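Raw work.cif, mmCIF, C-alpha atoms and all ligand atoms:
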```cif
data_model
#
loop_
_atom_site.group_PDB
_atom_site.id
_atom_site.type_symbol
_atom_site.label_atom_id
_atom_site.label_comp_id
_atom_site.auth_asym_id
_atom_site.auth_seq_id
_atom_site.Cartn_x
_atom_site.Cartn_y
_atom_site.Cartn_z
ATOM 1 C CA MET W 1 109.711 97.781 113.890
ATOM 2 C CA ALA W 2 107.497 99.082 111.183
ATOM 3 C CA GLY W 3 108.786 99.883 107.759
ATOM 4 C CA LEU W 4 106.114 100.443 105.127
ATOM 5 C CA ASN W 5 106.223 99.785 101.414
ATOM 6 C CA LEU W 6 103.566 101.207 99.143
ATOM 7 C CA LYS W 7 103.845 99.715 95.682
ATOM 8 C CA GLY W 8 101.861 101.050 92.742
ATOM 9 C CA ILE W 9 98.866 101.931 94.879
ATOM 10 C CA TYR W 10 95.705 103.297 93.270
ATOM 11 C CA LYS W 11 92.390 104.377 94.737
ATOM 12 C CA ARG W 12 89.423 104.643 92.427
ATOM 13 C CA TYR W 13 86.234 105.753 94.124
ATOM 14 C CA PRO W 14 82.922 104.578 92.736
ATOM 15 C CA GLY W 15 81.830 107.080 90.128
ATOM 16 C CA GLY W 16 85.206 107.303 88.467
ATOM 17 C CA VAL W 17 87.366 109.560 90.657
ATOM 18 C CA THR W 18 90.971 108.336 90.753
ATOM 19 C CA ALA W 19 91.911 109.859 94.108
ATOM 20 C CA VAL W 20 95.366 108.283 94.219
ATOM 21 C CA GLY W 21 97.282 107.044 91.187
ATOM 22 C CA ASP W 22 100.423 104.957 91.177
ATOM 23 C CA PHE W 23 101.675 105.845 94.636
ATOM 24 C CA ASN W 24 105.142 104.369 95.287
ATOM 25 C CA LEU W 25 106.923 104.993 98.571
ATOM 26 C CA ASP W 26 109.192 103.112 100.960
ATOM 27 C CA ILE W 27 109.019 104.382 104.512
ATOM 28 C CA GLU W 28 111.702 103.302 106.942
ATOM 29 C CA ASP W 29 111.069 102.038 110.409
ATOM 30 C CA LYS W 30 110.855 105.012 112.834
ATOM 31 C CA GLU W 31 110.832 107.546 110.012
ATOM 32 C CA PHE W 32 108.750 110.728 110.301
ATOM 33 C CA ILE W 33 107.263 111.340 106.893
ATOM 34 C CA VAL W 34 104.990 114.213 105.872
ATOM 35 C CA LEU W 35 102.467 114.143 103.021
ATOM 36 C CA VAL W 36 101.715 117.647 101.806
ATOM 37 C CA GLY W 37 99.610 119.064 98.995
ATOM 38 C CA PRO W 38 96.470 121.061 98.274
ATOM 39 C CA SER W 39 93.040 119.980 99.435
ATOM 40 C CA GLY W 40 91.708 117.096 97.362
ATOM 41 C CA CYS W 41 95.098 115.791 96.182
ATOM 42 C CA GLY W 42 94.607 112.390 97.834
ATOM 43 C CA LYS W 43 96.502 112.703 101.135
ATOM 44 C CA SER W 44 93.642 111.568 103.322
ATOM 45 C CA THR W 45 92.753 108.710 101.022
ATOM 46 C CA THR W 46 96.355 107.488 101.135
ATOM 47 C CA LEU W 47 96.363 107.573 104.925
ATOM 48 C CA ARG W 48 93.017 105.824 105.137
ATOM 49 C CA MET W 49 94.261 103.049 102.859
ATOM 50 C CA ILE W 50 97.283 102.563 105.136
ATOM 51 C CA ALA W 51 94.960 102.388 108.147
ATOM 52 C CA GLY W 52 92.651 99.964 106.359
ATOM 53 C CA LEU W 53 89.684 102.330 106.501
ATOM 54 C CA GLU W 54 89.535 102.393 102.713
ATOM 55 C CA ASP W 55 90.103 99.524 100.280
ATOM 56 C CA ILE W 56 93.102 99.651 97.973
ATOM 57 C CA SER W 57 91.917 99.459 94.344
ATOM 58 C CA GLU W 58 95.241 98.315 92.949
ATOM 59 C CA GLY W 59 98.790 97.844 94.194
ATOM 60 C CA GLU W 60 100.293 96.503 97.394
ATOM 61 C CA LEU W 61 100.773 97.754 100.923
ATOM 62 C CA TYR W 62 103.413 96.039 103.058
ATOM 63 C CA ILE W 63 104.049 96.674 106.727
ATOM 64 C CA ASP W 64 107.185 94.966 108.016
ATOM 65 C CA ASP W 65 107.344 93.047 104.750
ATOM 66 C CA LYS W 66 103.854 91.611 105.275
ATOM 67 C CA LEU W 67 101.177 92.203 102.647
ATOM 68 C CA MET W 68 98.396 94.112 104.428
ATOM 69 C CA ASN W 69 95.847 94.800 101.660
ATOM 70 C CA GLU W 70 93.252 92.484 103.190
ATOM 71 C CA THR W 71 94.145 92.960 106.869
ATOM 72 C CA PRO W 72 91.335 94.553 108.914
ATOM 73 C CA PRO W 73 92.183 97.866 110.644
ATOM 74 C CA LYS W 74 92.220 96.389 114.142
ATOM 75 C CA ASP W 75 94.964 93.950 113.153
ATOM 76 C CA ARG W 76 97.293 96.528 111.598
ATOM 77 C CA ASP W 77 98.851 97.884 114.790
ATOM 78 C CA ILE W 78 98.235 101.412 113.585
ATOM 79 C CA ALA W 79 96.742 104.406 115.404
ATOM 80 C CA MET W 80 95.255 107.411 113.664
ATOM 81 C CA VAL W 81 94.645 110.935 114.912
ATOM 82 C CA PHE W 82 92.156 113.156 113.098
ATOM 83 C CA GLN W 83 91.518 116.844 112.698
ATOM 84 C CA ASN W 84 88.207 116.715 114.568
ATOM 85 C CA TYR W 85 89.326 114.749 117.542
ATOM 86 C CA ALA W 86 85.843 113.434 118.406
ATOM 87 C CA LEU W 87 86.298 112.770 122.108
ATOM 88 C CA TYR W 88 83.419 111.146 123.973
ATOM 89 C CA PRO W 89 81.751 114.130 125.687
ATOM 90 C CA HIS W 90 80.265 112.195 128.622
ATOM 91 C CA MET W 91 83.573 110.515 129.552
ATOM 92 C CA THR W 92 86.479 111.941 131.510
ATOM 93 C CA VAL W 93 89.861 112.426 129.885
ATOM 94 C CA PHE W 94 91.052 109.268 131.624
ATOM 95 C CA ASP W 95 88.164 107.219 130.262
ATOM 96 C CA ASN W 96 88.533 108.710 126.797
ATOM 97 C CA MET W 97 92.150 107.605 126.746
ATOM 98 C CA ALA W 98 91.370 104.222 128.307
ATOM 99 C CA PHE W 99 88.403 103.395 126.089
ATOM 100 C CA GLY W 100 90.233 101.525 123.315
ATOM 101 C CA LEU W 101 92.258 99.526 125.827
ATOM 102 C CA LYS W 102 89.125 98.527 127.743
ATOM 103 C CA LEU W 103 87.593 97.296 124.501
ATOM 104 C CA ARG W 104 90.680 95.151 124.047
ATOM 105 C CA LYS W 105 90.136 93.750 127.551
ATOM 106 C CA MET W 106 93.470 94.946 128.836
ATOM 107 C CA PRO W 107 93.866 94.455 132.610
ATOM 108 C CA LYS W 108 92.851 97.562 134.594
ATOM 109 C CA GLU W 109 96.236 98.066 136.214
ATOM 110 C CA GLN W 110 97.981 98.061 132.858
ATOM 111 C CA ILE W 111 95.417 100.487 131.455
ATOM 112 C CA LYS W 112 95.984 102.827 134.353
ATOM 113 C CA GLN W 113 99.731 102.644 133.912
ATOM 114 C CA ARG W 114 99.567 103.344 130.168
ATOM 115 C CA VAL W 115 97.115 106.218 130.523
ATOM 116 C CA THR W 116 99.075 107.923 133.294
ATOM 117 C CA GLU W 117 102.328 107.516 131.387
ATOM 118 C CA ALA W 118 100.831 108.970 128.177
ATOM 119 C CA ALA W 119 99.256 111.794 130.178
ATOM 120 C CA ARG W 120 102.638 112.562 131.701
ATOM 121 C CA ILE W 121 104.317 112.677 128.284
ATOM 122 C CA LEU W 122 101.611 115.023 126.972
ATOM 123 C CA ASP W 123 101.468 117.099 130.124
ATOM 124 C CA ILE W 124 97.779 116.492 130.769
ATOM 125 C CA GLU W 125 98.075 114.524 134.022
ATOM 126 C CA HIS W 126 96.219 117.256 135.877
ATOM 127 C CA LEU W 127 93.268 117.015 133.465
ATOM 128 C CA LEU W 128 92.461 113.304 133.767
ATOM 129 C CA ASP W 129 89.220 113.802 135.701
ATOM 130 C CA ARG W 130 87.836 116.527 133.462
ATOM 131 C CA LYS W 131 85.250 116.168 130.732
ATOM 132 C CA PRO W 132 86.208 117.351 127.220
ATOM 133 C CA LYS W 133 83.958 120.425 127.396
ATOM 134 C CA ALA W 134 86.141 121.752 130.225
ATOM 135 C CA LEU W 135 89.276 121.637 128.038
ATOM 136 C CA SER W 136 90.829 124.081 125.590
ATOM 137 C CA GLY W 137 91.289 123.102 121.937
ATOM 138 C CA GLY W 138 94.958 122.341 122.443
ATOM 139 C CA GLN W 139 94.236 120.218 125.491
ATOM 140 C CA ARG W 140 91.611 118.278 123.562
ATOM 141 C CA GLN W 141 94.055 117.564 120.795
ATOM 142 C CA ARG W 142 96.537 116.306 123.384
ATOM 143 C CA VAL W 143 93.883 113.937 124.681
ATOM 144 C CA ALA W 144 93.296 112.722 121.127
ATOM 145 C CA LEU W 145 97.041 112.114 120.771
ATOM 146 C CA GLY W 146 97.001 110.371 124.149
ATOM 147 C CA ARG W 147 94.236 108.069 123.068
ATOM 148 C CA ALA W 148 96.448 106.959 120.189
ATOM 149 C CA ILE W 149 99.675 106.736 122.205
ATOM 150 C CA VAL W 150 98.265 104.407 124.865
ATOM 151 C CA ARG W 151 97.825 101.737 122.233
ATOM 152 C CA GLU W 152 101.585 101.801 121.599
ATOM 153 C CA PRO W 153 101.075 101.330 117.867
ATOM 154 C CA LYS W 154 103.863 100.537 115.443
ATOM 155 C CA VAL W 155 102.649 103.244 113.091
ATOM 156 C CA PHE W 156 101.144 106.616 113.911
ATOM 157 C CA LEU W 157 98.972 108.283 111.286
ATOM 158 C CA MET W 158 97.982 111.917 111.677
ATOM 159 C CA ASP W 159 95.491 113.601 109.366
ATOM 160 C CA GLU W 160 95.778 117.377 109.725
ATOM 161 C CA PRO W 161 95.666 117.074 113.511
ATOM 162 C CA LEU W 162 96.371 120.761 114.113
ATOM 163 C CA SER W 163 94.049 122.366 111.560
ATOM 164 C CA ASN W 164 91.437 123.346 114.115
ATOM 165 C CA LEU W 165 93.906 125.157 116.367
ATOM 166 C CA ASP W 166 94.914 128.802 116.220
ATOM 167 C CA ALA W 167 98.301 129.735 114.738
ATOM 168 C CA LYS W 168 100.153 130.125 118.019
ATOM 169 C CA LEU W 169 98.973 126.822 119.376
ATOM 170 C CA ARG W 170 99.721 125.124 116.068
ATOM 171 C CA GLY W 171 103.329 126.246 116.370
ATOM 172 C CA GLN W 172 103.568 124.858 119.898
ATOM 173 C CA MET W 173 101.950 121.573 118.980
ATOM 174 C CA ARG W 174 104.250 121.146 115.975
ATOM 175 C CA ALA W 175 107.196 121.199 118.332
ATOM 176 C CA GLU W 176 105.375 118.835 120.697
ATOM 177 C CA ILE W 177 104.706 116.339 117.956
ATOM 178 C CA ASN W 178 108.360 116.449 116.865
ATOM 179 C CA LYS W 179 109.350 115.729 120.470
ATOM 180 C CA LEU W 180 106.803 112.971 120.669
ATOM 181 C CA HIS W 181 108.310 111.296 117.641
ATOM 182 C CA LYS W 182 111.798 111.347 119.145
ATOM 183 C CA ARG W 183 110.449 109.987 122.365
ATOM 184 C CA LEU W 184 108.206 107.221 121.038
ATOM 185 C CA GLN W 185 110.591 106.018 118.337
ATOM 186 C CA THR W 186 107.769 104.852 116.081
ATOM 187 C CA THR W 187 106.929 105.485 112.461
ATOM 188 C CA PHE W 188 104.966 108.725 111.952
ATOM 189 C CA ILE W 189 103.028 109.618 108.807
ATOM 190 C CA TYR W 190 101.678 113.131 108.976
ATOM 191 C CA VAL W 191 99.274 114.744 106.530
ATOM 192 C CA THR W 192 98.932 118.486 106.093
ATOM 193 C CA HIS W 193 98.027 121.057 103.442
ATOM 194 C CA ASP W 194 100.154 123.625 105.285
ATOM 195 C CA GLN W 195 103.600 124.141 103.725
ATOM 196 C CA THR W 196 105.095 125.697 106.852
ATOM 197 C CA GLU W 197 103.964 122.778 108.905
ATOM 198 C CA ALA W 198 105.461 120.352 106.411
ATOM 199 C CA MET W 199 108.803 122.176 106.379
ATOM 200 C CA THR W 200 109.202 122.020 110.151
ATOM 201 C CA MET W 201 108.231 118.425 110.696
ATOM 202 C CA GLY W 202 109.594 115.113 109.620
ATOM 203 C CA SER W 203 112.702 113.978 107.822
ATOM 204 C CA ARG W 204 111.168 113.577 104.369
ATOM 205 C CA ILE W 205 108.358 115.416 102.673
ATOM 206 C CA VAL W 206 106.196 113.834 100.010
ATOM 207 C CA VAL W 207 104.586 116.483 97.811
ATOM 208 C CA MET W 208 101.331 115.338 96.199
ATOM 209 C CA LYS W 209 99.189 116.843 93.472
ATOM 210 C CA ASP W 210 96.087 115.389 91.829
ATOM 211 C CA GLY W 211 96.669 111.992 93.429
ATOM 212 C CA ILE W 212 100.244 111.742 92.217
ATOM 213 C CA ILE W 213 103.577 112.109 94.012
ATOM 214 C CA GLN W 214 105.388 115.095 92.547
ATOM 215 C CA GLN W 215 108.499 115.167 94.675
ATOM 216 C CA ILE W 216 110.065 113.450 97.682
ATOM 217 C CA ASP W 217 112.806 115.363 99.492
ATOM 218 C CA SER W 218 114.162 116.444 102.837
ATOM 219 C CA PRO W 219 112.878 119.789 104.183
ATOM 220 C CA GLN W 220 116.318 121.311 103.504
ATOM 221 C CA VAL W 221 116.320 120.354 99.821
ATOM 222 C CA LEU W 222 112.752 121.617 99.403
ATOM 223 C CA TYR W 223 113.649 124.834 101.161
ATOM 224 C CA ASP W 224 116.579 125.423 98.828
ATOM 225 C CA ASN W 225 114.584 124.460 95.706
ATOM 226 C CA PRO W 226 111.011 125.628 96.237
HETATM 227 P P1 LIG T 301 93.012 115.405 100.578
HETATM 228 O O1 LIG T 301 93.130 114.603 101.824
HETATM 229 O O2 LIG T 301 94.335 115.660 99.940
HETATM 230 O O3 LIG T 301 92.218 116.657 100.763
HETATM 231 P P2 LIG T 301 91.231 113.291 99.694
HETATM 232 O O4 LIG T 301 92.040 112.055 99.777
HETATM 233 O O5 LIG T 301 90.282 113.573 100.776
HETATM 234 O O6 LIG T 301 92.225 114.529 99.496
HETATM 235 O O7 LIG T 301 90.433 113.296 98.335
HETATM 236 C C1 LIG T 301 91.039 112.975 97.084
HETATM 237 C C2 LIG T 301 89.983 112.992 95.984
HETATM 238 O O8 LIG T 301 89.085 111.912 96.187
HETATM 239 C C3 LIG T 301 89.138 114.243 95.941
HETATM 240 O O9 LIG T 301 88.844 114.506 94.601
HETATM 241 C C4 LIG T 301 87.893 113.845 96.683
HETATM 242 O O10 LIG T 301 86.779 114.579 96.252
HETATM 243 C C5 LIG T 301 87.760 112.387 96.313
HETATM 244 N N1 LIG T 301 87.099 111.601 97.363
HETATM 245 C C6 LIG T 301 87.468 111.516 98.661
HETATM 246 N N2 LIG T 301 86.664 110.676 99.350
HETATM 247 C C7 LIG T 301 85.756 110.214 98.448
HETATM 248 C C8 LIG T 301 84.646 109.307 98.517
HETATM 249 N N3 LIG T 301 84.336 108.690 99.661
HETATM 250 N N4 LIG T 301 83.929 109.080 97.376
HETATM 251 C C9 LIG T 301 84.277 109.669 96.225
HETATM 252 N N5 LIG T 301 85.297 110.533 96.084
HETATM 253 C C10 LIG T 301 86.035 110.807 97.179
HETATM 254 P P1 LIG T 302 84.780 101.676 134.929
HETATM 255 O O1 LIG T 302 83.891 101.960 136.095
HETATM 256 O O2 LIG T 302 84.217 102.134 133.618
HETATM 257 O O3 LIG T 302 85.327 100.300 134.882
HETATM 258 P P2 LIG T 302 86.577 103.349 136.370
HETATM 259 O O4 LIG T 302 86.044 104.733 136.360
HETATM 260 O O5 LIG T 302 86.386 102.497 137.559
HETATM 261 O O6 LIG T 302 86.069 102.605 135.086
HETATM 262 O O7 LIG T 302 88.131 103.444 136.053
HETATM 263 C C1 LIG T 302 88.880 102.310 135.659
HETATM 264 C C2 LIG T 302 90.245 102.372 136.305
HETATM 265 O O8 LIG T 302 90.860 103.611 135.997
HETATM 266 C C3 LIG T 302 90.163 102.274 137.812
HETATM 267 O O9 LIG T 302 91.249 101.495 138.262
HETATM 268 C C4 LIG T 302 90.296 103.722 138.237
HETATM 269 O O10 LIG T 302 90.905 103.805 139.502
HETATM 270 C C5 LIG T 302 91.225 104.290 137.166
HETATM 271 N N1 LIG T 302 91.047 105.744 137.005
HETATM 272 C C6 LIG T 302 89.933 106.403 136.636
HETATM 273 N N2 LIG T 302 90.156 107.744 136.586
HETATM 274 C C7 LIG T 302 91.450 107.919 136.942
HETATM 275 C C8 LIG T 302 92.313 109.065 137.084
HETATM 276 N N3 LIG T 302 91.896 110.309 136.853
HETATM 277 N N4 LIG T 302 93.603 108.872 137.435
HETATM 278 C C9 LIG T 302 94.051 107.627 137.668
HETATM 279 N N5 LIG T 302 93.296 106.507 137.566
HETATM 280 C C10 LIG T 302 92.024 106.639 137.208
#
```
I'd like the structure from this file rewritten - as structure tokens, please.
Amino acid sequence: MAGLNLKGIYKRYPGGVTAVGDFNLDIEDKEFIVLVGPSGCGKSTTLRMIAGLEDISEGELYIDDKLMNETPPKDRDIAMVFQNYALYPHMTVFDNMAFGLKLRKMPKEQIKQRVTEAARILDIEHLLDRKPKALSGGQRQRVALGRAIVREPKVFLMDEPLSNLDAKLRGQMRAEINKLHKRLQTTFIYVTHDQTEAMTMGSRIVVMKDGIIQQIDSPQVLYDNP
């Protein structure tokens, strides 16, 4: 269960930039929502405020009807996947995926079970003993997704996770991420500057410009009224 309510949220960076202004959005539990807009329009900042990596200047963030403005990231039950997946180069795929769970002192058997299950879902079971440098870009991004999945978060945040991949692979991974959403049944919030990507993912698309929401619609409505 993880519905989100963003009420009148602003982000003002020191120095006077209003990166996000009056952001209002209700996200349903298990919804797949896409934030799209040109570079610099405030997508990343919005995501980082939801994750707790950036303070909210004004407004309220609720997750499951609980005010989260002051809740530290580790207590938000949220996982985030980034564009530069930053895997630990000296660790195997298994250990990269297990790392966060080990920090949380999860029992070894449970860690093993979660990592193997996530690896199976992402089709990287055969890569568990490899180091990141022996993986392709797409495989690395799967590991990054795996590292997030094993935590079984209530909310999944993705910040341009496919931007570093070539076009063909991006297409494949789009489909994979759609499948992943159906399978995990959790709330997904996906950020991209790529219109095509936005149109083929998620049930609602939030179009942002200059820190402001311009439009919120289904892909079909946006397709019919570009
Ligand atoms: P997007 O993700 O859509 O590319 P961002 O959220 O990264 O946009 O940035 C929104 C605006 O906030 C931009 O004008 C950017 O320059 C500014 N910004 C982002 N991070 C910071 C920061 N740490 N300090 C000051 N300004 C920032
Ligand atoms: P550490 O020495 O850092 O505690 P280990 O390398 O012993 O970590 O691994 C922790 C657990 O994960 C062990 O139970 C190990 O058997 C299991 N494990 C490690 N790599 C794999 C793998 N490729 N497939 C399945 N289980 C693995």
Which residues match the PyMOL selection byres (((chain W and resi 154) around 12) and not hetatm) in the file above, as JSON, numbers by chain?
{"W": [1, 2, 3, 4, 28, 29, 30, 31, 51, 63, 64, 75, 76, 77, 78, 79, 80, 148, 149, 150, 151, 152, 153, 155, 156, 157, 181, 184, 185, 186, 187, 188, 189]}
Emit the selected residues as a short mmCIF file (atom, residue, chain, number, x, y, z; two decimals), in the coordinates of the input, including C-alpha atoms.
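Final file, selection09.cif:
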```cif
data_model
loop_
_atom_site.label_atom_id
_atom_site.label_comp_id
_atom_site.auth_asym_id
_atom_site.auth_seq_id
_atom_site.Cartn_x
_atom_site.Cartn_y
_atom_site.Cartn_z
CA MET W 1 109.71 97.78 113.89
CA ALA W 2 107.50 99.08 111.18
CA GLY W 3 108.79 99.88 107.76
CA LEU W 4 106.11 100.44 105.13
CA GLU W 28 111.70 103.30 106.94
CA ASP W 29 111.07 102.04 110.41
CA LYS W 30 110.86 105.01 112.83
CA GLU W 31 110.83 107.55 110.01
CA ALA W 51 94.96 102.39 108.15
CA ILE W 63 104.05 96.67 106.73
CA ASP W 64 107.18 94.97 108.02
CA ASP W 75 94.96 93.95 113.15
CA ARG W 76 97.29 96.53 111.60
CA ASP W 77 98.85 97.88 114.79
CA ILE W 78 98.24 101.41 113.58
CA ALA W 79 96.74 104.41 115.40
CA MET W 80 95.26 107.41 113.66
CA ALA W 148 96.45 106.96 120.19
CA ILE W 149 99.68 106.74 122.20
CA VAL W 150 98.26 104.41 124.86
CA ARG W 151 97.82 101.74 122.23
CA GLU W 152 101.58 101.80 121.60
CA PRO W 153 101.08 101.33 117.87
CA VAL W 155 102.65 103.24 113.09
CA PHE W 156 101.14 106.62 113.91
CA LEU W 157 98.97 108.28 111.29
CA HIS W 181 108.31 111.30 117.64
CA LEU W 184 108.21 107.22 121.04
CA GLN W 185 110.59 106.02 118.34
CA THR W 186 107.77 104.85 116.08
CA THR W 187 106.93 105.48 112.46
CA PHE W 188 104.97 108.72 111.95
CA ILE W 189 103.03 109.62 108.81
#
```
Within-8 Å residues of ligand LIG 301 (chain T), basis all atoms listed in the file, as a VMD selection string
chain W and resid 13 to 15 17 to 20 36 to 46 159 191 193 208 210 to 211
Could you write out as JSON, numbers by chain the residues that the PyMOL selection byres (((chain W and resi 197-202) around 12) and not hetatm) matches in the shown file?
{"W": [27, 30, 31, 32, 33, 34, 35, 36, 37, 160, 161, 162, 163, 167, 170, 171, 172, 173, 174, 175, 176, 177, 178, 179, 180, 181, 182, 187, 188, 189, 190, 191, 192, 193, 194, 195, 196, 203, 204, 205, 206, 207, 217, 218, 219, 220, 221, 222, 223, 224, 226]}
Across W:Leu135, W:Val143, W:Ile121, W:Met91, the smallest distance to ligand LIG 302 (chain T), with all atoms listed in the file counted, is shown by W:Met91
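Pocket residues of ligand LIG 302 (chain T), taken as those with any atom at most 9 Å away using only C-alpha atoms and all ligand atoms, are Thr92, Val93, Phe94, Asp95, Ala98, Phe99, Lys102, Lys108, Glu109, Ile111, Lys112, Gln113, Val115, Thr116, Glu125, His126, Leu127, Leu128, Asp129 and Arg130 of chain W.
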Let's have the selection written as an mmCIF file, keeping the file's coordinate frame, with C-alpha atoms.
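The result, stored in result_35.cif:
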```
data_model
loop_
_atom_site.group_PDB
_atom_site.id
_atom_site.type_symbol
_atom_site.label_atom_id
_atom_site.label_comp_id
_atom_site.auth_asym_id
_atom_site.auth_seq_id
_atom_site.Cartn_x
_atom_site.Cartn_y
_atom_site.Cartn_z
ATOM 1 C CA THR W 92 86.479 111.941 131.510
ATOM 2 C CA VAL W 93 89.861 112.426 129.885
ATOM 3 C CA PHE W 94 91.052 109.268 131.624
ATOM 4 C CA ASP W 95 88.164 107.219 130.262
ATOM 5 C CA ALA W 98 91.370 104.222 128.307
ATOM 6 C CA PHE W 99 88.403 103.395 126.089
ATOM 7 C CA LYS W 102 89.125 98.527 127.743
ATOM 8 C CA LYS W 108 92.851 97.562 134.594
ATOM 9 C CA GLU W 109 96.236 98.066 136.214
ATOM 10 C CA ILE W 111 95.417 100.487 131.455
ATOM 11 C CA LYS W 112 95.984 102.827 134.353
ATOM 12 C CA GLN W 113 99.731 102.644 133.912
ATOM 13 C CA VAL W 115 97.115 106.218 130.523
ATOM 14 C CA THR W 116 99.075 107.923 133.294
ATOM 15 C CA GLU W 125 98.075 114.524 134.022
ATOM 16 C CA HIS W 126 96.219 117.256 135.877
ATOM 17 C CA LEU W 127 93.268 117.015 133.465
ATOM 18 C CA LEU W 128 92.461 113.304 133.767
ATOM 19 C CA ASP W 129 89.220 113.802 135.701
ATOM 20 C CA ARG W 130 87.836 116.527 133.462
#
```
Which polymer residues, protein or nucleic acid, are no farther than 10 Å from (88.5, 93.8, 101.0), counting only C-alpha atoms, as a PyMOL selection string?
chain W and resi 52+54-57+69-72
Just C-alpha atoms for this one: save the residues we selected as a PDB file, in the frame of the given file.
```pdb
ATOM      1  CA  GLY W  52      92.651  99.964 106.359  1.00  0.00           C
ATOM      2  CA  GLU W  54      89.535 102.393 102.713  1.00  0.00           C
ATOM      3  CA  ASP W  55      90.103  99.524 100.280  1.00  0.00           C
ATOM      4  CA  ILE W  56      93.102  99.651  97.973  1.00  0.00           C
ATOM      5  CA  SER W  57      91.917  99.459  94.344  1.00  0.00           C
ATOM      6  CA  ASN W  69      95.847  94.800 101.660  1.00  0.00           C
ATOM      7  CA  GLU W  70      93.252  92.484 103.190  1.00  0.00           C
ATOM      8  CA  THR W  71      94.145  92.960 106.869  1.00  0.00           C
ATOM      9  CA  PRO W  72      91.335  94.553 108.914  1.00  0.00           C
TER      10      PRO W  72
END
```
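Here atom CA of W:Pro73 and atom CA of W:Gly138 stand 27.3 Å from one another.
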Which is closest to W:Asn96 among W:Leu165, W:Leu47, W:Ile216, W:Ala144, if we use all atoms listed in the file?
W:Ala144
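As for atom CA of W:Val81 and atom CA of W:Asp166, they are spaced 17.9 Å apart.
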Report, in Å to a single decimal, how far apart atom CA of W:Leu25 and atom CA of W:Asp65 are.
13.5 Å
Considering all atoms listed in the file, return as a PyMOL selection string whatever protein or nucleic-acid residues lie within 9 Å of W:Asn24, sequence-local ones (same chain, fewer than 3 positions apart) excluded.
chain W and resi 5-9+213
Per-axis box centre and lengths in Å around stretch 61-69 of chain W, 4 Å margin per side, axis-aligned, as JSON:
```
{"center_x": 101.6, "center_y": 94.7, "center_z": 104.5, "size_x": 19.5, "size_y": 14.1, "size_z": 15.1}
```
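Closest approach to W:Pro132 among W:Met158, W:Pro107, W:Leu169, W:Ala86 is made by W:Ala86 (distances from only C-alpha atoms).
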